Structure formats: structure tokens, C-alpha cells
>>> print(open('work-v2.cif').read())   # mmCIF, C-alpha atoms and all ligand atoms
data_upload
loop_
_atom_site.label_atom_id
_atom_site.label_comp_id
_atom_site.auth_asym_id
_atom_site.auth_seq_id
_atom_site.Cartn_x
_atom_site.Cartn_y
_atom_site.Cartn_z
CA MET A 1 -27.35 -36.97 -9.45
CA THR A 2 -30.31 -36.92 -11.78
CA LYS A 3 -32.54 -33.94 -11.70
CA ILE A 4 -36.06 -34.05 -12.96
CA TRP A 5 -37.13 -30.87 -14.63
CA LYS A 6 -40.80 -30.39 -14.80
CA VAL A 7 -41.98 -28.03 -17.46
CA ILE A 8 -45.45 -27.21 -16.41
CA SER A 9 -48.19 -25.39 -18.22
CA ALA A 10 -48.74 -21.69 -17.74
CA ALA A 11 -52.09 -22.40 -16.13
CA ALA A 12 -50.60 -24.73 -13.54
CA LEU A 13 -47.81 -22.29 -12.78
CA VAL A 14 -50.24 -19.44 -12.24
CA ALA A 15 -52.36 -21.64 -10.00
CA GLY A 16 -49.31 -22.64 -7.97
CA TRP A 17 -48.05 -19.11 -7.67
CA VAL A 18 -51.12 -17.17 -6.73
CA ALA A 19 -50.13 -17.76 -3.14
CA VAL A 20 -46.97 -15.70 -3.49
CA GLY A 21 -48.70 -12.97 -5.44
CA THR A 22 -47.06 -13.23 -8.86
CA ALA A 23 -48.50 -11.69 -11.97
CA THR A 24 -50.97 -13.62 -14.07
CA MET A 25 -48.92 -13.64 -17.24
CA VAL A 26 -46.40 -16.46 -17.34
CA SER A 27 -43.95 -17.22 -20.08
CA ALA A 28 -43.97 -20.74 -21.43
CA GLU A 29 -40.23 -20.66 -20.78
CA ALA A 30 -40.54 -20.47 -17.01
CA THR A 31 -39.81 -23.86 -15.53
CA LYS A 32 -40.79 -25.20 -12.16
CA MET A 33 -37.95 -27.14 -10.57
CA ASP A 34 -38.38 -30.31 -8.54
CA ASP A 35 -37.75 -28.37 -5.32
CA GLY A 36 -40.64 -26.02 -6.09
CA SER A 37 -38.53 -23.04 -7.16
CA VAL A 38 -38.80 -21.39 -10.58
CA ALA A 39 -36.15 -20.61 -13.18
CA ALA A 40 -36.22 -19.51 -16.79
CA GLY A 41 -35.80 -22.29 -19.32
CA LYS A 42 -34.61 -25.80 -18.80
CA GLY A 43 -31.60 -27.20 -17.05
CA ALA A 44 -30.58 -24.34 -14.77
CA GLU A 45 -27.44 -25.13 -12.79
CA PHE A 46 -25.67 -23.17 -10.07
CA ASP A 47 -22.05 -22.28 -10.87
CA ALA A 48 -20.36 -21.91 -7.49
CA ASP A 49 -17.29 -20.15 -8.94
CA ALA A 50 -19.38 -17.39 -10.45
CA GLY A 51 -22.04 -17.53 -7.73
CA LYS A 52 -24.75 -17.44 -10.40
CA TRP A 53 -27.37 -19.69 -11.92
CA PHE A 54 -26.90 -20.45 -15.61
CA LEU A 55 -28.96 -22.11 -18.30
CA GLU A 56 -27.52 -24.75 -20.60
CA SER A 57 -27.14 -21.98 -23.19
CA GLY A 58 -24.73 -20.15 -20.87
CA ASP A 59 -27.14 -17.30 -20.22
CA PRO A 60 -27.51 -16.30 -16.57
CA THR A 61 -30.89 -17.01 -15.04
CA TYR A 62 -32.91 -16.30 -11.93
CA ARG A 63 -34.00 -18.74 -9.27
CA ILE A 64 -37.07 -17.92 -7.21
CA LYS A 65 -38.04 -20.05 -4.25
CA GLU A 66 -41.60 -21.03 -3.55
CA ASP A 67 -41.87 -18.42 -0.79
CA GLY A 68 -40.73 -15.67 -3.20
CA THR A 69 -37.10 -15.49 -2.03
CA LEU A 70 -34.79 -14.47 -4.90
CA ASP A 71 -31.30 -15.68 -5.62
CA PHE A 72 -28.84 -12.99 -4.55
CA LEU A 73 -27.78 -12.01 -8.08
CA THR A 74 -31.35 -11.27 -9.12
CA TYR A 75 -32.04 -9.31 -5.94
CA ARG A 76 -28.93 -7.28 -6.63
CA GLY A 77 -30.26 -6.69 -10.12
CA PHE A 78 -33.49 -5.33 -8.67
CA GLN A 79 -31.47 -2.81 -6.65
CA ARG A 80 -29.15 -1.85 -9.49
CA TYR A 81 -31.93 -1.53 -12.01
CA HIS A 82 -33.56 1.01 -9.72
CA SER A 83 -30.38 3.02 -9.34
CA GLU A 84 -29.15 2.93 -12.96
CA CYS A 85 -32.02 2.32 -15.37
CA HIS A 86 -35.41 3.16 -13.92
CA VAL A 87 -35.19 6.93 -14.43
CA CYS A 88 -35.58 6.26 -18.15
CA HIS A 89 -37.10 2.78 -18.35
CA GLY A 90 -39.64 3.21 -15.58
CA PRO A 91 -39.98 1.43 -12.24
CA GLU A 92 -39.76 -2.37 -12.44
CA GLY A 93 -39.09 -2.35 -16.17
CA VAL A 94 -42.53 -1.17 -17.21
CA GLY A 95 -41.28 1.61 -19.50
CA SER A 96 -41.93 5.33 -19.72
CA THR A 97 -42.90 7.84 -22.36
CA TYR A 98 -39.17 8.21 -22.95
CA ALA A 99 -37.77 4.66 -23.08
CA PRO A 100 -39.17 1.20 -23.87
CA ALA A 101 -40.54 -1.31 -21.36
CA LEU A 102 -37.66 -3.73 -20.88
CA ILE A 103 -40.01 -6.40 -19.57
CA ASP A 104 -41.47 -6.41 -23.09
CA SER A 105 -38.08 -6.19 -24.81
CA LEU A 106 -36.85 -9.31 -23.00
CA LYS A 107 -39.71 -11.41 -24.32
CA THR A 108 -37.80 -11.57 -27.59
CA MET A 109 -34.37 -10.03 -26.98
CA ALA A 110 -31.49 -12.48 -26.42
CA TYR A 111 -29.09 -12.06 -23.50
CA GLY A 112 -26.17 -11.23 -25.81
CA ASP A 113 -28.14 -8.52 -27.58
CA PHE A 114 -29.22 -7.05 -24.24
CA VAL A 115 -25.61 -6.82 -23.06
CA GLY A 116 -24.58 -5.35 -26.42
CA VAL A 117 -27.14 -2.56 -26.35
CA VAL A 118 -26.32 -1.61 -22.76
CA ALA A 119 -22.57 -1.59 -23.39
CA SER A 120 -22.60 0.16 -26.76
CA GLY A 121 -25.79 2.20 -26.54
CA ARG A 122 -28.05 2.99 -29.45
CA VAL A 123 -29.19 6.14 -31.20
CA VAL A 124 -32.33 6.04 -33.27
CA HIS A 125 -33.16 9.03 -35.46
CA GLN A 126 -36.85 9.66 -35.45
CA PRO A 127 -38.96 11.12 -38.19
CA GLY A 128 -39.14 14.87 -37.63
CA GLY A 129 -35.52 15.15 -36.47
CA GLY A 130 -35.69 13.90 -32.86
CA GLU A 131 -33.38 11.27 -31.46
CA SER A 132 -34.05 8.35 -29.16
CA VAL A 133 -30.84 7.70 -27.24
CA MET A 134 -29.86 4.71 -25.15
CA PRO A 135 -26.54 5.81 -23.58
CA ALA A 136 -23.49 3.55 -23.93
CA LEU A 137 -22.80 2.28 -20.40
CA GLY A 138 -19.91 -0.07 -21.16
CA ASP A 139 -17.47 2.01 -19.09
CA ASN A 140 -19.75 2.23 -16.07
CA VAL A 141 -18.70 -0.48 -13.60
CA ASN A 142 -21.79 0.19 -11.49
CA VAL A 143 -23.77 -1.09 -14.44
CA MET A 144 -21.50 -3.62 -16.14
CA CYS A 145 -20.39 -5.46 -12.97
CA TYR A 146 -24.04 -6.04 -12.09
CA LEU A 147 -25.52 -6.43 -15.55
CA ASP A 148 -26.21 -10.17 -15.25
CA GLY A 149 -28.37 -9.44 -12.21
CA ILE A 150 -30.15 -6.61 -13.96
CA TYR A 151 -30.82 -9.05 -16.79
CA THR A 152 -32.11 -11.89 -14.59
CA TYR A 153 -34.27 -9.44 -12.62
CA LEU A 154 -35.85 -8.06 -15.79
CA LYS A 155 -36.15 -11.56 -17.26
CA ALA A 156 -38.05 -12.77 -14.20
CA ARG A 157 -40.34 -9.74 -14.49
CA SER A 158 -40.71 -10.39 -18.23
CA ASP A 159 -41.52 -14.07 -17.66
CA GLY A 160 -44.28 -13.05 -15.27
CA VAL A 161 -42.88 -14.95 -12.28
CA LEU A 162 -41.92 -11.88 -10.25
CA ALA A 163 -44.57 -9.38 -9.20
CA ARG A 164 -44.03 -5.64 -9.05
CA GLY A 165 -42.76 -4.18 -5.81
CA ARG A 166 -39.94 -5.04 -3.48
CA PRO A 167 -38.98 -8.75 -3.69
CA LYS A 168 -39.97 -10.84 -0.69
CA GLY A 169 -36.41 -11.62 0.29
CA LYS A 170 -33.01 -12.74 -0.91
CA GLU A 171 -30.73 -15.67 -0.35
CA ALA A 172 -27.36 -15.20 1.30
CA LYS A 173 -24.66 -13.85 -0.99
CA PRO A 174 -22.72 -16.74 -2.56
CA GLU A 175 -18.96 -16.51 -1.98
CA GLY A 176 -18.28 -16.94 -5.66
CA LEU A 177 -20.42 -13.94 -6.51
CA GLY A 178 -18.52 -11.73 -4.06
CA ALA A 179 -15.25 -12.74 -5.73
CA THR A 180 -16.71 -12.20 -9.20
CA GLU A 181 -17.93 -8.71 -8.29
CA ASP A 182 -14.66 -7.76 -6.62
CA ALA A 183 -12.68 -8.88 -9.66
CA CYS A 184 -14.96 -6.88 -11.94
CA LEU A 185 -14.90 -3.71 -9.82
CA GLY A 186 -11.19 -3.95 -9.05
CA GLY A 187 -10.11 -4.94 -12.52
CA LYS A 188 -11.35 -1.68 -13.93
C1 LIG B 201 -30.86 8.32 -20.14
C2 LIG B 201 -31.95 7.38 -20.31
C3 LIG B 201 -31.63 5.90 -20.27
C4 LIG B 201 -30.97 5.19 -19.29
C5 LIG B 201 -30.35 5.72 -17.98
C6 LIG B 201 -31.01 3.81 -19.70
N1 LIG B 201 -31.64 3.68 -20.89
FE1 LIG B 201 -31.89 1.98 -21.96
N2 LIG B 201 -32.78 3.01 -23.48
C7 LIG B 201 -33.08 4.34 -23.45
C8 LIG B 201 -33.82 4.69 -24.66
C9 LIG B 201 -34.36 6.07 -25.02
C10 LIG B 201 -33.91 3.51 -25.42
C11 LIG B 201 -34.56 3.33 -26.79
C12 LIG B 201 -33.52 3.49 -27.86
C13 LIG B 201 -34.17 3.22 -29.21
O1 LIG B 201 -35.00 4.04 -29.64
O2 LIG B 201 -33.88 2.16 -29.78
C14 LIG B 201 -33.26 2.47 -24.65
C15 LIG B 201 -33.14 1.17 -25.07
C16 LIG B 201 -32.66 0.13 -24.28
C17 LIG B 201 -32.64 -1.25 -24.67
C18 LIG B 201 -33.14 -1.81 -25.99
C19 LIG B 201 -34.61 -2.15 -25.82
C20 LIG B 201 -35.26 -2.67 -27.07
O3 LIG B 201 -36.45 -3.07 -26.98
O4 LIG B 201 -34.64 -2.70 -28.13
C21 LIG B 201 -32.13 -1.96 -23.62
C22 LIG B 201 -31.92 -3.48 -23.53
C23 LIG B 201 -31.83 -1.01 -22.57
N3 LIG B 201 -32.16 0.25 -23.02
C24 LIG B 201 -31.34 -1.36 -21.34
C25 LIG B 201 -31.01 -0.44 -20.33
C26 LIG B 201 -30.49 -0.81 -19.03
C27 LIG B 201 -30.30 -2.25 -18.55
C28 LIG B 201 -30.23 0.34 -18.36
C29 LIG B 201 -29.61 0.51 -16.99
C30 LIG B 201 -28.35 -0.17 -16.77
C31 LIG B 201 -30.61 1.44 -19.25
N4 LIG B 201 -31.09 0.93 -20.42
C32 LIG B 201 -30.50 2.78 -18.93
C33 LIG B 201 -32.77 5.24 -22.44
C34 LIG B 201 -32.05 4.93 -21.29
#
>>> encode(input="work-v2.cif", output="C-alpha cells", more="lines below")
Ligand code: HEC
Amino acid sequence: MTKIWKVISAAALVAGWVAVGTATMVSAEATKMDDGSVAAGKGAEFDADAGKWFLESGDPTYRIKEDGTLDFLTYRGFQRYHSECHVCHGPEGVGSTYAPALIDSLKTMAYGDFVGVVASGRVVHQPGGGESVMPALGDNVNVMCYLDGIYTYLKARSDGVLARGRPKGKEAKPEGLGATEDACLGGK
């Protein structure tokens, strides 16, 4: 089956998405699919075994339907972000006085680097003796087993295709994703 990927201009995407209330800023990377949904980058494919959407690069990605419904993984990421990360990084990834806005970080930060920082943490010594500490969360299954969703949620926010607030809805949970989560949680 041949799929036609339409990379459309930021202006056209904004025009098309005003109806579902998305933000005005849209990354050039966001791609409108031929069924009207949006994903990051080109060539997103659904992997039924994992229950996730992936880009050609192998990075996980979001999939947002025209009516604002999120793929299950990304919706899960929205929930997990707000239980594990938002106390420091602010609601919906917008940052706080304490920790950076991850929706800005993901404009340039690669998926692998994102996973690396979350797993290993980072301590930055500041002039004057203070420390800026991102805790190492690699042993926390409530973070690591859902990190792809946290990433795709923040990436959708960063790409400007997902407005602040509670997402409009979610797709049914793919079987593959249930198995992937169980294996991750149980294998710990
Ligand atoms: C206890 C507070 C705290 C929590 C909880 C926390 N972070 Fe952080 N995080 C920080 C701080 C502070 C920094 C900045 C570290 C520095 O100065 O480089 C940071 C940095 C990061 C960075 C690097 C950003 C950049 O621009 O380089 C990423 C990615 C990140 N955090 C992701 C997460 C995710 C995802 C979660 C939830 C699973 C999370 N953090 C939970 C405090 C926190």
C-alpha cells in the first residue's frame, strides 16, 4: 500500500487546526497525514507489536486525529508527565523557575538524549555555589515504562500541534502496548 505523506506549510497547518484549538506555533516537522491526522516528521508507521507509532528514524511519535483524539501512548504520557515531572517542569511542559521548559528543550533535543538525561540525571553547578539537579530516574518504572509516551506528549506540545489543557480524547489502548507495558513493569 502506498501512502502519500503531505508535508504542508506551517500556515496551512495552523489554518486547518484552528478548529480544534491548537496553538499558533507549529514546527516545520509536523506532518499532516493523508487521513487528516498529524504526526511529527515523515513516514510515521504504527508498530502493532509495540503498540506505538514510530518514525523512520526509530523514534516514537504521536498521532493526533483531526478531532483532537490522541493515540493512547501520547495520552498516557500526558497523564504520567503530570504525575512524575510537572512538579519541577511546570504544567504541560512550560517550565518553572526551578526547571527548564521541556517544550523548548525538545525543539532541539534528540529522543536519545532525552531518554539519557531522564535515566541518568544531570547536575549542573551554578556560579555562586548552587546546583541545578535533574534527578536520575532510570530505576523508576513509573517513569521509564512510560517514557516514550512522556516524550511523544512533550514533542506534540513542542511542535505546537497540541494545545494546553486536557487532551480531547484518546484512542483505545492497543493490545501491543498493554503487553509492552506489562513486560516493562513485570521485568523489573
Ligand atoms: C525534582 C525536580 C525534577 C523532576 C521531578 C524532574 N526534573 Fe527534569 N530537570 C530538573 C532540573 C532542575 C533540570 C535542569 C538541569 C540542568 O540545569 O541542566 C532538569 C532537566 C531535564 C531535562 C534536560 C532539559 C534540557 O533542556 O537540557 C530533561 C529532558 C528532563 N529534565 C526531563 C524530565 C522528565 C521527563 C521528568 C519526569 C519523568 C523530569 N525531568 C522530572 C528537575 C526535575
>>> residues_near_ligand(input="work-v2.cif", ligand="ligand LIG 201 (chain B)", cutoff="8 Å", atoms="all atoms listed in the file", output="PyMOL selection string")
chain A and resi 80-81+84-89+98-102+104-106+109+113-115+117-118+121-125+131-135+137+143-144+147+150-151
>>> atom_distance(input="work-v2.cif", atom1="CA of Cys145 (chain A)", atom2="CA of Pro91 (chain A)")
20.8 Å
>>> closest_residue(input="work-v2.cif", among="A:Gly138, A:Gly178, A:Gly41, A:Gly169", to="Glu66 (chain A)", atoms="all atoms listed in the file")
A:Gly169
>>> closest_residue(input="work-v2.cif", among="A:Leu73, A:Ala136, A:Ala110, A:Ile103", to="Lys173 (chain A)", atoms="only C-alpha atoms")
A:Leu73
>>> closest_residue(input="work-v2.cif", among="A:Val141, A:Ala183, A:Glu171, A:Lys155", to="Thr108 (chain A)", atoms="all atoms listed in the file")
A:Lys155
>>> atom_distance(input="work-v2.cif", atom1="CA of Gly43 (chain A)", atom2="CA of Glu56 (chain A)")
5.9 Å
>>> closest_atom_pairs(input="work-v2.cif", of="region 90-185 of chain A", to="region 48-53 of chain A", cutoff="10 Å", atoms="only C-alpha atoms", output="JSON lines")
{"residue": "A:Asp148", "atom": "CA", "partner": "A:Lys52", "partner_atom": "CA", "distance": 8.9}
{"residue": "A:Gly149", "atom": "CA", "partner": "A:Lys52", "partner_atom": "CA", "distance": 9.0}
{"residue": "A:Thr152", "atom": "CA", "partner": "A:Trp53", "partner_atom": "CA", "distance": 9.5}
{"residue": "A:Lys173", "atom": "CA", "partner": "A:Gly51", "partner_atom": "CA", "distance": 8.1}
{"residue": "A:Pro174", "atom": "CA", "partner": "A:Gly51", "partner_atom": "CA", "distance": 5.3}
{"residue": "A:Glu175", "atom": "CA", "partner": "A:Gly51", "partner_atom": "CA", "distance": 6.6}
{"residue": "A:Gly176", "atom": "CA", "partner": "A:Gly51", "partner_atom": "CA", "distance": 4.3}
{"residue": "A:Leu177", "atom": "CA", "partner": "A:Gly51", "partner_atom": "CA", "distance": 4.1}
{"residue": "A:Gly178", "atom": "CA", "partner": "A:Gly51", "partner_atom": "CA", "distance": 7.7}
{"residue": "A:Ala179", "atom": "CA", "partner": "A:Ala50", "partner_atom": "CA", "distance": 7.8}
{"residue": "A:Thr180", "atom": "CA", "partner": "A:Ala50", "partner_atom": "CA", "distance": 6.0}
{"residue": "A:Glu181", "atom": "CA", "partner": "A:Ala50", "partner_atom": "CA", "distance": 9.1}
>>> atom_distance(input="work-v2.cif", atom1="CA of Glu45 (chain A)", atom2="CA of Asp182 (chain A)")
22.4 Å
>>> residues_around(input="work-v2.cif", residues="Gly68 (chain A)", least_positions_apart="4", cutoff="8 Å", atoms="all atoms listed in the file", output="ChimeraX atom specification")
/A:20,64,167-169
>>> decode(input="work-v2.cif", residues="region 122-164 of chain A", atoms="C-alpha atoms", output="short mmCIF file (atom, residue, chain, number, x, y, z; two decimals), in the first residue's frame")
data_model
loop_
_atom_site.label_atom_id
_atom_site.label_comp_id
_atom_site.auth_asym_id
_atom_site.auth_seq_id
_atom_site.Cartn_x
_atom_site.Cartn_y
_atom_site.Cartn_z
CA ARG A 122 22.20 15.74 35.45
CA VAL A 123 23.81 18.04 37.98
CA VAL A 124 24.88 21.48 36.91
CA HIS A 125 26.97 23.57 39.28
CA GLN A 126 25.96 27.16 39.11
CA PRO A 127 28.09 30.21 39.65
CA GLY A 128 27.82 31.15 43.32
CA GLY A 129 27.77 27.55 44.53
CA GLY A 130 24.17 26.46 43.83
CA GLU A 131 23.28 23.29 41.99
CA SER A 132 20.65 22.59 39.38
CA VAL A 133 19.69 18.94 39.72
CA MET A 134 17.72 16.74 37.36
CA PRO A 135 17.27 13.51 39.37
CA ALA A 136 18.30 10.19 37.79
CA LEU A 137 15.02 8.31 37.24
CA GLY A 138 16.37 5.23 35.47
CA ASP A 139 15.27 2.93 38.31
CA ASN A 140 11.75 4.33 38.49
CA VAL A 141 9.48 2.05 36.47
CA ASN A 142 6.63 4.55 36.76
CA VAL A 143 8.77 6.84 34.66
CA MET A 144 10.83 4.54 32.46
CA CYS A 145 7.97 2.22 31.39
CA TYR A 146 6.04 5.26 30.17
CA LEU A 147 8.89 7.44 28.96
CA ASP A 148 8.08 7.08 25.25
CA GLY A 149 4.63 8.48 25.94
CA ILE A 150 6.02 11.30 28.03
CA TYR A 151 8.33 12.07 25.11
CA THR A 152 5.62 11.99 22.43
CA TYR A 153 3.32 14.10 24.61
CA LEU A 154 6.01 16.74 25.13
CA LYS A 155 7.04 16.54 21.48
CA ALA A 156 3.47 17.22 20.35
CA ARG A 157 3.34 20.18 22.74
CA SER A 158 6.75 21.33 21.48
CA ASP A 159 5.67 21.03 17.84
CA GLY A 160 2.68 23.23 18.58
CA VAL A 161 0.08 20.68 17.50
CA LEU A 162 -1.33 20.03 20.97
CA ALA A 163 -2.88 22.85 22.96
CA ARG A 164 -2.56 23.23 26.71
#
